[in-house]
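Participant: Data: upload28.tsv, TSV, C-alpha atoms.
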chain	number	residue	atom	x	y	z
A	1	MET	CA	0.00	0.00	0.00
A	2	THR	CA	1.35	3.41	-0.86
A	3	ASN	CA	1.01	6.22	1.60
A	4	GLY	CA	-1.91	8.52	0.73
A	5	ALA	CA	0.37	11.55	0.96
A	6	GLU	CA	2.22	10.67	-2.26
A	7	LYS	CA	3.15	13.88	-4.03
A	8	LYS	CA	2.60	14.61	-7.69
A	9	GLU	CA	5.59	14.98	-10.01
A	10	GLN	CA	8.23	17.30	-8.58
A	11	VAL	CA	11.32	18.84	-10.10
A	12	PHE	CA	14.59	19.63	-8.34
A	13	LEU	CA	15.48	23.30	-8.76
A	14	PRO	CA	19.11	23.84	-7.70
A	15	ILE	CA	19.43	27.21	-5.95
A	16	THR	CA	22.53	28.85	-7.42
A	17	LYS	CA	23.66	32.29	-8.56
A	18	TYR	CA	22.73	31.64	-12.15
A	19	ILE	CA	19.02	30.98	-12.07
A	20	SER	CA	16.81	33.50	-13.79
A	21	PRO	CA	13.07	33.76	-14.39
A	22	ASP	CA	11.37	33.76	-17.77
A	23	ASN	CA	7.80	34.54	-18.56
A	24	ASN	CA	5.28	31.68	-18.61
A	25	ASN	CA	6.25	30.15	-15.24
A	26	GLN	CA	9.67	29.12	-16.49
A	27	ILE	CA	13.08	29.32	-14.86
A	28	THR	CA	16.31	29.11	-16.81
A	29	ILE	CA	19.53	27.76	-15.30
A	30	GLY	CA	22.66	28.35	-17.35
A	31	SER	CA	22.57	27.77	-21.09
A	32	SER	CA	20.86	24.38	-21.27
A	33	VAL	CA	18.31	23.88	-18.52
A	34	SER	CA	14.81	25.25	-18.37
A	35	ILE	CA	12.25	24.27	-15.73
A	36	GLU	CA	8.53	24.95	-15.86
A	37	TYR	CA	6.78	25.20	-12.52
A	38	ASN	CA	3.13	24.77	-11.72
A	39	GLN	CA	2.12	27.84	-9.75
A	40	ASN	CA	-0.93	26.13	-8.31
A	41	GLY	CA	0.86	22.86	-7.62
A	42	GLN	CA	1.62	21.30	-4.27
A	43	HIS	CA	5.34	21.83	-3.77
A	44	VAL	CA	7.33	19.50	-1.48
A	45	SER	CA	9.49	22.49	-0.46
A	46	GLN	CA	7.32	24.90	1.51
A	47	ILE	CA	7.55	28.41	2.86
A	48	ASP	CA	5.97	29.41	6.17
A	49	ASP	CA	6.54	32.14	8.78
A	50	LYS	CA	9.70	30.40	9.95
A	51	GLY	CA	11.25	30.33	6.48
A	52	LEU	CA	11.90	27.68	3.86
A	53	HIS	CA	11.33	23.97	4.62
A	54	ASN	CA	12.09	20.65	2.95
A	55	ILE	CA	15.28	21.54	1.13
A	56	LEU	CA	16.92	18.67	-0.73
A	57	VAL	CA	20.68	18.17	-0.43
A	58	LEU	CA	21.88	16.18	-3.43
A	59	THR	CA	25.14	14.52	-2.39
A	60	GLY	CA	27.77	13.38	-4.89
A	61	TYR	CA	26.79	15.97	-7.49
A	62	ALA	CA	28.13	19.38	-8.50
A	63	ILE	CA	26.49	21.90	-10.82
A	64	ASP	CA	27.92	23.04	-14.12
A	65	GLU	CA	26.83	26.66	-13.78
A	66	SER	CA	27.47	27.44	-17.43
A	67	THR	CA	24.94	24.84	-18.63
A	68	GLY	CA	22.83	24.39	-15.49
A	69	GLU	CA	23.31	20.62	-15.53
A	70	LEU	CA	24.02	18.46	-12.49
A	71	VAL	CA	27.15	16.37	-12.86
A	72	PRO	CA	27.74	13.15	-10.87
A	73	THR	CA	31.23	13.55	-9.39
A	74	PHE	CA	31.36	10.37	-7.22
A	75	ASP	CA	32.81	12.52	-4.44
A	76	PRO	CA	30.69	12.33	-1.27
A	77	CYS	CA	31.95	15.79	-0.27
A	78	ASP	CA	30.27	17.51	-3.23
A	79	TYR	CA	26.64	18.56	-2.96
A	80	VAL	CA	24.04	20.87	-4.45
A	81	LYS	CA	21.08	22.18	-2.44
A	82	GLY	CA	17.77	22.97	-4.03
A	83	ILE	CA	14.02	22.93	-3.71
A	84	LEU	CA	11.48	20.38	-4.88
A	85	ILE	CA	8.64	22.10	-6.70
A	86	SER	CA	5.68	20.90	-8.69
A	87	GLY	CA	6.72	21.19	-12.33
A	88	LYS	CA	8.72	19.60	-15.10
A	89	ILE	CA	11.97	19.90	-16.99
A	90	LEU	CA	11.33	21.26	-20.49
A	91	GLU	CA	13.04	19.32	-23.24
A	92	GLY	CA	14.89	20.38	-26.37
A	93	ASN	CA	18.23	21.07	-24.78
A	94	PRO	CA	21.42	19.02	-24.98
A	95	PHE	CA	21.08	17.34	-21.64
A	96	LYS	CA	19.77	14.10	-20.23
A	97	ILE	CA	17.18	13.76	-17.54
A	98	ILE	CA	16.85	11.08	-14.97
A	99	LYS	CA	13.17	10.79	-14.24
A	100	ILE	CA	13.20	9.37	-10.79
A	101	ILE	CA	10.00	7.88	-9.55
A	102	GLY	CA	8.75	6.91	-6.16
A	103	ILE	CA	11.74	7.49	-3.89
A	104	PRO	CA	10.73	6.93	-0.26
A	105	SER	CA	11.04	10.37	1.32
A	106	ASN	CA	13.13	9.00	4.18
A	107	LYS	CA	15.89	8.07	1.69
A	108	LEU	CA	16.40	11.66	0.60
A	109	TYR	CA	18.65	14.00	2.57
A	110	ILE	CA	16.06	16.69	3.26
A	111	ILE	CA	16.95	19.47	5.69
A	112	ARG	CA	14.51	21.65	7.66
A	113	LYS	CA	12.10	18.77	7.31
A	114	LYS	CA	8.37	19.37	7.76
A	115	ASP	CA	5.37	17.23	6.75
A	116	VAL	CA	7.08	14.93	4.26
A	117	HIS	CA	5.63	11.43	4.05
A	118	GLY	CA	5.33	8.66	1.52
A	119	ASN	CA	7.10	8.57	-1.81
A	120	ILE	CA	8.36	11.53	-3.82
A	121	ASN	CA	8.48	11.50	-7.61
A	122	PHE	CA	11.01	13.95	-8.97
A	123	SER	CA	13.13	14.81	-11.99
A	124	LEU	CA	16.53	16.38	-12.17
A	125	PRO	CA	18.63	17.66	-15.09
A	126	ILE	CA	21.69	15.45	-15.15
A	127	LYS	CA	24.67	15.49	-17.49
A	128	ILE	CA	25.41	12.06	-18.93
A	129	ASN	CA	26.55	11.47	-22.50
A	130	GLN	CA	25.19	8.45	-24.32
A	131	LEU	CA	27.92	6.65	-26.27
A	132	SER	CA	25.69	3.87	-27.61
A	133	ALA	CA	22.58	2.01	-26.47
A	134	GLY	CA	23.04	1.20	-22.80
A	135	THR	CA	26.45	2.85	-22.51
A	136	TYR	CA	26.82	6.23	-20.88
A	137	GLN	CA	29.75	8.42	-20.09
A	138	VAL	CA	30.65	11.04	-17.52
A	139	ASP	CA	33.84	12.97	-18.20
A	140	LEU	CA	35.48	14.78	-15.30
A	141	GLY	CA	38.97	15.00	-16.80
A	142	ASN	CA	40.61	18.38	-16.12
A	143	LYS	CA	37.64	19.46	-14.03
A	144	VAL	CA	37.64	20.77	-10.48
A	145	THR	CA	34.81	21.55	-8.07
A	146	SER	CA	34.70	24.65	-5.93
A	147	PHE	CA	32.53	25.65	-2.98
A	148	GLU	CA	30.15	28.53	-3.66
A	149	SER	CA	27.97	30.52	-1.30
A	150	LEU	CA	25.47	33.32	-1.88
A	151	ASN	CA	26.01	36.92	-0.81
A	152	GLY	CA	23.19	39.21	0.30
A	153	ASP	CA	22.56	40.64	-3.15
A	154	GLU	CA	22.41	37.23	-4.77
A	155	ALA	CA	20.03	35.89	-2.13
A	156	THR	CA	17.79	38.96	-2.51
A	157	LYS	CA	17.64	38.46	-6.27
A	158	ILE	CA	16.72	34.78	-5.91
A	159	VAL	CA	13.92	35.63	-3.47
A	160	ASN	CA	12.54	38.52	-5.55
A	161	ASP	CA	12.89	37.00	-9.01
A	162	VAL	CA	12.37	33.29	-8.44
A	163	LEU	CA	10.87	32.28	-5.09
A	164	ALA	CA	8.38	35.18	-5.02
A	165	LYS	CA	6.95	34.01	-8.34
A	166	ILE	CA	6.80	30.29	-7.56
A	167	TYR	CA	5.23	30.84	-4.14
A	168	LYS	CA	3.31	34.11	-4.83
A	169	LEU	CA	4.98	35.79	-1.84
A	170	SER	CA	3.86	39.02	-0.17
A	171	GLU	CA	6.37	41.83	0.54
A	172	GLN	CA	6.49	40.81	4.17
A	173	GLN	CA	7.16	37.15	3.36
A	174	LYS	CA	9.94	38.16	0.99
A	175	LYS	CA	11.61	40.30	3.63
A	176	LYS	CA	11.76	37.35	6.02
A	177	LEU	CA	13.33	35.09	3.41
A	178	TYR	CA	16.37	37.14	2.33
A	179	ARG	CA	18.53	36.14	5.26
A	180	ASP	CA	17.19	32.57	5.29
A	181	VAL	CA	18.16	31.96	1.66
A	182	GLU	CA	21.58	33.56	2.12
A	183	GLU	CA	22.28	31.34	5.13
A	184	ILE	CA	20.95	28.02	3.85
A	185	PHE	CA	22.12	27.78	0.28
A	186	ASN	CA	25.63	26.91	-0.77
A	187	TYR	CA	26.86	24.30	-3.22
A	188	TYR	CA	29.71	22.92	-5.28
A	189	SER	CA	30.12	23.99	-8.87
A	190	ILE	CA	32.22	22.24	-11.46
A	191	LYS	CA	34.67	24.10	-13.65
A	192	SER	CA	37.13	23.27	-16.36
A	193	LEU	CA	40.72	23.75	-15.24
A	194	LYS	CA	41.45	25.82	-18.35
A	195	SER	CA	38.80	28.46	-17.60
A	196	ASN	CA	40.03	28.73	-14.02
A	197	PRO	CA	43.49	30.33	-14.28
B	198	MET	CA	48.95	18.29	-18.78
B	199	THR	CA	47.76	14.95	-17.52
B	200	ASN	CA	49.74	13.11	-14.94
B	201	GLY	CA	51.88	10.38	-16.46
B	202	ALA	CA	50.47	7.82	-14.01
B	203	GLU	CA	47.07	7.70	-15.76
B	204	LYS	CA	45.67	4.19	-15.42
B	205	LYS	CA	44.16	2.14	-18.22
B	206	GLU	CA	40.47	1.26	-18.19
B	207	GLN	CA	39.34	-0.09	-14.84
B	208	VAL	CA	36.11	-1.69	-13.73
B	209	PHE	CA	34.46	-1.43	-10.33
B	210	LEU	CA	33.91	-4.90	-8.85
B	211	PRO	CA	31.57	-4.62	-5.85
B	212	ILE	CA	32.63	-7.10	-3.16
B	213	THR	CA	29.45	-8.79	-1.97
B	214	LYS	CA	28.24	-12.26	-0.99
B	215	TYR	CA	26.96	-13.04	-4.45
B	216	ILE	CA	30.01	-12.82	-6.68
B	217	SER	CA	31.17	-16.02	-8.31
B	218	PRO	CA	33.96	-16.87	-10.73
B	219	ASP	CA	33.47	-18.26	-14.23
B	220	ASN	CA	36.07	-19.67	-16.51
B	221	ASN	CA	37.81	-17.34	-18.95
B	222	ASN	CA	38.70	-14.60	-16.42
B	223	GLN	CA	35.08	-13.69	-15.84
B	224	ILE	CA	33.19	-12.92	-12.66
B	225	THR	CA	29.42	-13.07	-12.42
B	226	ILE	CA	27.45	-10.92	-9.97
B	227	GLY	CA	23.80	-11.85	-9.55
B	228	SER	CA	21.74	-12.65	-12.65
B	229	SER	CA	22.66	-9.74	-14.92
B	230	VAL	CA	26.23	-8.60	-14.44
B	231	SER	CA	29.37	-10.18	-15.76
B	232	ILE	CA	32.83	-8.64	-15.55
B	233	GLU	CA	35.90	-9.74	-17.46
B	234	TYR	CA	39.23	-8.98	-15.82
B	235	ASN	CA	42.62	-8.70	-17.37
B	236	GLN	CA	44.91	-10.97	-15.37
B	237	ASN	CA	48.02	-9.22	-16.58
B	238	GLY	CA	46.59	-5.73	-16.23
B	239	GLN	CA	47.61	-3.00	-13.84
B	240	HIS	CA	44.88	-2.89	-11.20
B	241	VAL	CA	44.24	0.30	-9.20
B	242	SER	CA	43.36	-1.86	-6.17
B	243	GLN	CA	46.49	-3.65	-5.04
B	244	ILE	CA	47.44	-6.41	-2.65
B	245	ASP	CA	50.69	-6.34	-0.69
B	246	ASP	CA	51.96	-7.87	2.54
B	247	LYS	CA	49.82	-5.50	4.57
B	248	GLY	CA	46.61	-6.50	2.78
B	249	LEU	CA	44.32	-4.89	0.24
B	250	HIS	CA	44.82	-1.25	-0.80
B	251	ASN	CA	42.88	1.34	-2.83
B	252	ILE	CA	39.34	0.23	-2.12
B	253	LEU	CA	36.63	2.42	-3.63
B	254	VAL	CA	33.63	3.40	-1.52
B	255	LEU	CA	30.76	4.32	-3.82
B	256	THR	CA	28.47	6.60	-1.83
B	257	GLY	CA	24.78	7.05	-2.66
B	258	TYR	CA	24.46	3.62	-4.24
B	259	ALA	CA	23.16	0.25	-3.05
B	260	ILE	CA	23.52	-3.09	-4.80
B	261	ASP	CA	20.64	-5.17	-6.10
B	262	GLU	CA	22.15	-8.54	-5.18
B	263	SER	CA	19.68	-10.49	-7.30
B	264	THR	CA	20.80	-8.78	-10.52
B	265	GLY	CA	24.23	-7.47	-9.48
B	266	GLU	CA	23.40	-3.94	-10.58
B	267	LEU	CA	24.25	-0.78	-8.66
B	268	VAL	CA	21.23	1.39	-7.95
B	269	PRO	CA	21.50	5.14	-7.28
B	270	THR	CA	19.47	5.71	-4.08
B	271	PHE	CA	20.21	9.43	-3.52
B	272	ASP	CA	20.77	8.60	0.15
B	273	PRO	CA	24.26	9.67	1.31
B	274	CYS	CA	24.16	6.93	3.99
B	275	ASP	CA	24.10	4.11	1.43
B	276	TYR	CA	27.35	2.81	0.01
B	277	VAL	CA	28.94	-0.15	-1.73
B	278	LYS	CA	32.64	-0.98	-1.39
B	279	GLY	CA	34.59	-2.65	-4.13
B	280	ILE	CA	37.86	-2.93	-5.98
B	281	LEU	CA	39.04	-1.26	-9.18
B	282	ILE	CA	40.56	-3.82	-11.50
B	283	SER	CA	41.78	-3.75	-15.06
B	284	GLY	CA	38.94	-5.20	-17.14
B	285	LYS	CA	35.58	-4.47	-18.68
B	286	ILE	CA	31.87	-5.05	-18.21
B	287	LEU	CA	30.64	-7.62	-20.72
B	288	GLU	CA	27.49	-6.60	-22.53
B	289	GLY	CA	24.37	-8.49	-23.53
B	290	ASN	CA	22.53	-8.21	-20.23
B	291	PRO	CA	19.54	-6.06	-19.40
B	292	PHE	CA	21.45	-3.34	-17.63
B	293	LYS	CA	22.92	0.02	-18.45
B	294	ILE	CA	26.52	1.01	-17.94
B	295	ILE	CA	27.93	4.37	-17.07
B	296	LYS	CA	31.34	4.50	-18.63
B	297	ILE	CA	33.09	7.09	-16.58
B	298	ILE	CA	36.23	8.58	-17.99
B	299	GLY	CA	39.03	10.53	-16.46
B	300	ILE	CA	37.93	11.10	-12.87
B	301	PRO	CA	40.72	12.78	-10.88
B	302	SER	CA	41.70	10.19	-8.29
B	303	ASN	CA	41.39	12.70	-5.46
B	304	LYS	CA	37.63	13.00	-6.15
B	305	LEU	CA	37.01	9.34	-5.41
B	306	TYR	CA	36.50	8.12	-1.86
B	307	ILE	CA	39.32	5.58	-1.80
B	308	ILE	CA	40.25	3.94	1.51
B	309	ARG	CA	43.61	2.34	2.40
B	310	LYS	CA	45.08	4.63	-0.21
B	311	LYS	CA	48.46	3.81	-1.73
B	312	ASP	CA	50.15	5.13	-4.87
B	313	VAL	CA	47.11	6.57	-6.63
B	314	HIS	CA	47.81	9.56	-8.83
B	315	GLY	CA	46.34	11.18	-11.90
B	316	ASN	CA	43.03	10.28	-13.47
B	317	ILE	CA	41.20	6.98	-13.22
B	318	ASN	CA	38.99	5.68	-16.03
B	319	PHE	CA	36.43	3.21	-14.80
B	320	SER	CA	33.11	1.58	-15.60
B	321	LEU	CA	30.37	0.40	-13.31
B	322	PRO	CA	27.17	-1.58	-13.90
B	323	ILE	CA	24.35	0.79	-13.02
B	324	LYS	CA	20.60	0.26	-13.11
B	325	ILE	CA	18.83	3.03	-15.00
B	326	ASN	CA	15.87	2.44	-17.29
B	327	GLN	CA	15.68	4.45	-20.49
B	328	LEU	CA	12.16	5.74	-21.12
B	329	SER	CA	12.99	7.58	-24.36
B	330	ALA	CA	16.00	9.35	-25.85
B	331	GLY	CA	17.55	11.44	-23.10
B	332	THR	CA	15.02	10.42	-20.44
B	333	TYR	CA	15.99	7.92	-17.78
B	334	GLN	CA	14.22	6.51	-14.79
B	335	VAL	CA	15.17	5.09	-11.43
B	336	ASP	CA	12.37	3.41	-9.47
B	337	LEU	CA	12.84	2.96	-5.73
B	338	GLY	CA	9.16	2.64	-4.85
B	339	ASN	CA	8.54	-0.10	-2.25
B	340	LYS	CA	12.28	-0.70	-1.92
B	341	VAL	CA	14.38	-0.69	1.22
B	342	THR	CA	18.13	-0.86	1.73
B	343	SER	CA	19.75	-3.00	4.39
B	344	PHE	CA	23.26	-3.11	5.77
B	345	GLU	CA	25.20	-6.30	4.97
B	346	SER	CA	28.53	-7.55	6.23
B	347	LEU	CA	30.57	-10.65	5.40
B	348	ASN	CA	31.12	-13.53	7.78
B	349	GLY	CA	34.33	-15.58	7.87
B	350	ASP	CA	33.10	-18.22	5.42
B	351	GLU	CA	31.94	-15.63	2.91
B	352	ALA	CA	35.22	-13.74	3.13
B	353	THR	CA	37.21	-16.96	2.69
B	354	LYS	CA	35.19	-17.86	-0.41
B	355	ILE	CA	35.75	-14.41	-1.94
B	356	VAL	CA	39.50	-14.65	-1.35
B	357	ASN	CA	39.81	-18.24	-2.66
B	358	ASP	CA	37.43	-18.01	-5.62
B	359	VAL	CA	37.77	-14.41	-6.79
B	360	LEU	CA	40.75	-12.45	-5.44
B	361	ALA	CA	43.16	-15.41	-5.74
B	362	LYS	CA	42.38	-15.65	-9.46
B	363	ILE	CA	42.51	-11.94	-10.25
B	364	TYR	CA	45.76	-11.41	-8.36
B	365	LYS	CA	47.30	-14.88	-8.77
B	366	LEU	CA	47.79	-15.22	-5.00
B	367	SER	CA	49.99	-17.76	-3.23
B	368	GLU	CA	48.62	-19.81	-0.32
B	369	GLN	CA	50.43	-17.57	2.13
B	370	GLN	CA	49.02	-14.39	0.59
B	371	LYS	CA	45.52	-15.86	0.70
B	372	LYS	CA	45.85	-16.72	4.39
B	373	LYS	CA	46.72	-13.13	5.21
B	374	LEU	CA	43.72	-11.78	3.31
B	375	TYR	CA	40.84	-13.72	4.90
B	376	ARG	CA	40.58	-11.52	7.95
B	377	ASP	CA	41.29	-8.35	5.97
B	378	VAL	CA	38.41	-8.96	3.55
B	379	GLU	CA	36.02	-9.89	6.36
B	380	GLU	CA	36.85	-6.69	8.24
B	381	ILE	CA	36.87	-4.20	5.37
B	382	PHE	CA	33.91	-5.12	3.23
B	383	ASN	CA	30.34	-4.27	4.06
B	384	TYR	CA	27.68	-2.58	1.96
B	385	TYR	CA	24.03	-1.71	1.50
B	386	SER	CA	21.83	-3.95	-0.60
B	387	ILE	CA	18.45	-2.99	-2.01
B	388	LYS	CA	15.44	-5.23	-1.68
B	389	SER	CA	11.83	-5.13	-2.67
B	390	LEU	CA	9.53	-4.80	0.33
B	391	LYS	CA	7.44	-7.72	-0.92
B	392	SER	CA	10.34	-10.20	-0.88
B	393	ASN	CA	11.32	-9.06	2.61
B	394	PRO	CA	8.52	-10.27	4.92
Rewrite the structure of this file - the entire thing - as structure tokens.

Facilitator:
Amino acid sequence: MTNGAEKKEQVFLPITKYISPDNNNQITIGSSVSIEYNQNGQHVSQIDDKGLHNILVLTGYAIDESTGELVPTFDPCDYVKGILISGKILEGNPFKIIKIIGIPSNKLYIIRKKDVHGNINFSLPIKINQLSAGTYQVDLGNKVTSFESLNGDEATKIVNDVLAKIYKLSEQQKKKLYRDVEEIFNYYSIKSLKSNP
Amino acid sequence: MTNGAEKKEQVFLPITKYISPDNNNQITIGSSVSIEYNQNGQHVSQIDDKGLHNILVLTGYAIDESTGELVPTFDPCDYVKGILISGKILEGNPFKIIKIIGIPSNKLYIIRKKDVHGNINFSLPIKINQLSAGTYQVDLGNKVTSFESLNGDEATKIVNDVLAKIYKLSEQQKKKLYRDVEEIFNYYSIKSLKSNP
């Protein structure tokens, strides 16, 4: 028997410096990733008077900020934090998606946990190259990961441009979130050694 | 410039209860995975008088012991330990492979580290279903992971049947490894709730 609280399809939105809103309920991350959110959907990540809840920490991945894709690094020290929102990854870009279904919520590393039960179905934009049928490749040669955090201006922009639209926030709710977002979100990004002199 | 110590293609052999040797330098894991090793190859994981060195801990994965496939669980508490040996994953089975190239060795969580430099190219048998071009699926619904360790008999069998063949061990070398293998290797396996009453 599945738990009645099973959530509809969610998408993992990594919270980084390079997310920007489009019209039509879409958010662009880097050059290759575009996520459409459902403004009336039931998001796993929630905002209340105490701030943001149910933030997913994705361990063993780093984000390629230029393309917006998540890259498996096989290093348990790397992570990307983000929110799980009702929506989908739009196709047409040169990236692969893992459509993950029915992960028991207690398997996910969710911080500031509140009211999460049952299974969670979610998608994430992952970078894997297909060499041939059944054979995939991840190339980390000459790549390094670096720790990134958000400053006050970056956190303010994310709240005003992105979170306010997804969650239809009031001015007062926004004000309370600036500090929260700045303090919670940090992540590892992946860079080519050549572009990192 | 790449480091001159770059290793040739390696394969990740998870050390679990259900690995068994075939003829022709092949090792079968569960019903779906078969690995061919190169007996004269240069293995990243090495055996010396002090025991086994350069063991890879793959975090965020559990093994499906019935099929031998590694399953991404997105839980940073899950892991599978194994050895990196010169060889390849044989095809023809219903599983997908990620062929990972050029991962800097300092990104991998390697324990009992000894003489590992440069990049490591390795493959691992991973369970991902392809829904359509560029869209993949992992299904963990109604699955649980459980911690598994090896008892003395299981460790002895792994040394005699598998490690002795890969590394061409003498009787004395085998004797020294029994305890080492029993103490080092443990892992998380994934099971369906239904088959786990």

Participant: Mind listing as a list in words which residues of chain A are within 6 Å of chain B, counting all atoms listed in the file?

Facilitator: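 Contact residues on the first chain: Asp75, Lys96, Ile97, Ile98, Lys99, Ile100, Ile101, Gly102, Ile103, Lys107, Leu108, Gly134, Thr135, Tyr136, Gln137, Val138, Asp139, Leu140 and Gly141 of chain A.
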
Participant: Which residues of range 61-123 of chain A come within 6 Å of range 17-33 of chain A, and for each one, what is the closest pair of atoms and their distance in Å to one decimal, counting all atoms listed in the file, sorted by chain and residue number, as a Markdown table?

Facilitator:
| residue | atom | partner | partner_atom | distance |
| --- | --- | --- | --- | --- |
| A:Glu65 | CA | A:Gly30 | CA | 5.7 |
| A:Ser66 | CA | A:Gly30 | CA | 4.9 |
| A:Thr67 | CA | A:Gly30 | CA | 4.4 |
| A:Gly68 | CA | A:Gly30 | CA | 4.4 |
| A:Asn93 | CA | A:Ser32 | CA | 5.5 |

Participant: Return the single residue from B:Tyr258, B:Tyr375, B:Tyr234, B:Tyr385 that is closest to Lys362 in chain B, with distances computed using all atoms listed in the file.

Facilitator: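 Checking each of B:Tyr258, B:Tyr375, B:Tyr234, B:Tyr385 against Lys362 in chain B, counting all atoms listed in the file, the winner is B:Tyr234.
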
Participant: Could you please determine the separation between CA of Ile232 in chain B and CA of Gln370 in chain B in Å, to one decimal place?

Facilitator: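 That distance, rounded to one decimal, is 23.6 Å.
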
Participant: Would you mind reading off the distance between CA of Ile184 in chain A and CA of Ser149 in chain A, one decimal, in Å?

Facilitator: 9.1 Å

Participant: Which is closest to Glu380 in chain B among B:His314, B:Ser343, B:Leu249, B:Val268, if we use only C-alpha atoms?

Facilitator: B:Leu249

Participant: Between CA of Glu154 in chain A and CA of Phe185 in chain A, measure the distance and give it in Å to one decimal.

Facilitator: 10.7 Å

Participant: My list of candidates is A:His53, A:Lys8, A:Lys174, A:Lys157. Which is closest to Lys113 in chain A when distances are computed with all atoms listed in the file?

Facilitator: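 Among the listed residues, A:His53 lies closest to Lys113 in chain A.
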
Participant: Please output range 138-150 of chain A, rebuilt to include N, CA, C and O atoms, as a PDB file, in the frame of the given file.

Facilitator:
ATOM      1  N   VAL A 138      30.486   9.803 -18.272  1.00  0.00           N
ATOM      2  CA  VAL A 138      30.650  11.040 -17.520  1.00  0.00           C
ATOM      3  C   VAL A 138      32.127  11.383 -17.644  1.00  0.00           C
ATOM      4  O   VAL A 138      32.971  10.526 -17.419  1.00  0.00           O
ATOM      5  N   ASP A 139      32.438  12.596 -18.023  1.00  0.00           N
ATOM      6  CA  ASP A 139      33.840  12.970 -18.200  1.00  0.00           C
ATOM      7  C   ASP A 139      34.203  14.093 -17.232  1.00  0.00           C
ATOM      8  O   ASP A 139      33.726  15.212 -17.347  1.00  0.00           O
ATOM      9  N   LEU A 140      35.048  13.776 -16.278  1.00  0.00           N
ATOM     10  CA  LEU A 140      35.480  14.780 -15.300  1.00  0.00           C
ATOM     11  C   LEU A 140      36.956  15.133 -15.474  1.00  0.00           C
ATOM     12  O   LEU A 140      37.533  15.781 -14.612  1.00  0.00           O
ATOM     13  N   GLY A 141      37.552  14.709 -16.578  1.00  0.00           N
ATOM     14  CA  GLY A 141      38.970  15.000 -16.800  1.00  0.00           C
ATOM     15  C   GLY A 141      39.216  16.496 -16.840  1.00  0.00           C
ATOM     16  O   GLY A 141      38.442  17.245 -17.440  1.00  0.00           O
ATOM     17  N   ASN A 142      40.259  16.963 -16.189  1.00  0.00           N
ATOM     18  CA  ASN A 142      40.610  18.380 -16.120  1.00  0.00           C
ATOM     19  C   ASN A 142      39.504  19.256 -15.550  1.00  0.00           C
ATOM     20  O   ASN A 142      39.380  20.430 -15.895  1.00  0.00           O
ATOM     21  N   LYS A 143      38.683  18.678 -14.684  1.00  0.00           N
ATOM     22  CA  LYS A 143      37.640  19.460 -14.030  1.00  0.00           C
ATOM     23  C   LYS A 143      37.951  19.531 -12.526  1.00  0.00           C
ATOM     24  O   LYS A 143      38.538  18.618 -11.949  1.00  0.00           O
ATOM     25  N   VAL A 144      37.538  20.647 -11.929  1.00  0.00           N
ATOM     26  CA  VAL A 144      37.640  20.770 -10.480  1.00  0.00           C
ATOM     27  C   VAL A 144      36.293  21.263  -9.951  1.00  0.00           C
ATOM     28  O   VAL A 144      35.515  21.867 -10.678  1.00  0.00           O
ATOM     29  N   THR A 145      36.013  20.984  -8.673  1.00  0.00           N
ATOM     30  CA  THR A 145      34.810  21.550  -8.070  1.00  0.00           C
ATOM     31  C   THR A 145      35.226  22.608  -7.072  1.00  0.00           C
ATOM     32  O   THR A 145      36.285  22.520  -6.460  1.00  0.00           O
ATOM     33  N   SER A 146      34.390  23.637  -6.941  1.00  0.00           N
ATOM     34  CA  SER A 146      34.700  24.650  -5.930  1.00  0.00           C
ATOM     35  C   SER A 146      33.435  25.008  -5.158  1.00  0.00           C
ATOM     36  O   SER A 146      32.325  24.952  -5.677  1.00  0.00           O
ATOM     37  N   PHE A 147      33.638  25.325  -3.885  1.00  0.00           N
ATOM     38  CA  PHE A 147      32.530  25.650  -2.980  1.00  0.00           C
ATOM     39  C   PHE A 147      32.044  27.059  -3.279  1.00  0.00           C
ATOM     40  O   PHE A 147      32.831  27.989  -3.442  1.00  0.00           O
ATOM     41  N   GLU A 148      30.728  27.227  -3.365  1.00  0.00           N
ATOM     42  CA  GLU A 148      30.150  28.530  -3.660  1.00  0.00           C
ATOM     43  C   GLU A 148      29.089  28.861  -2.608  1.00  0.00           C
ATOM     44  O   GLU A 148      28.320  27.984  -2.201  1.00  0.00           O
ATOM     45  N   SER A 149      29.059  30.108  -2.174  1.00  0.00           N
ATOM     46  CA  SER A 149      27.970  30.520  -1.300  1.00  0.00           C
ATOM     47  C   SER A 149      27.328  31.778  -1.883  1.00  0.00           C
ATOM     48  O   SER A 149      27.855  32.369  -2.824  1.00  0.00           O
ATOM     49  N   LEU A 150      26.195  32.166  -1.348  1.00  0.00           N
ATOM     50  CA  LEU A 150      25.470  33.320  -1.880  1.00  0.00           C
ATOM     51  C   LEU A 150      25.719  34.535  -1.007  1.00  0.00           C
ATOM     52  O   LEU A 150      25.686  34.439   0.227  1.00  0.00           O
TER      53      LEU A 150
END
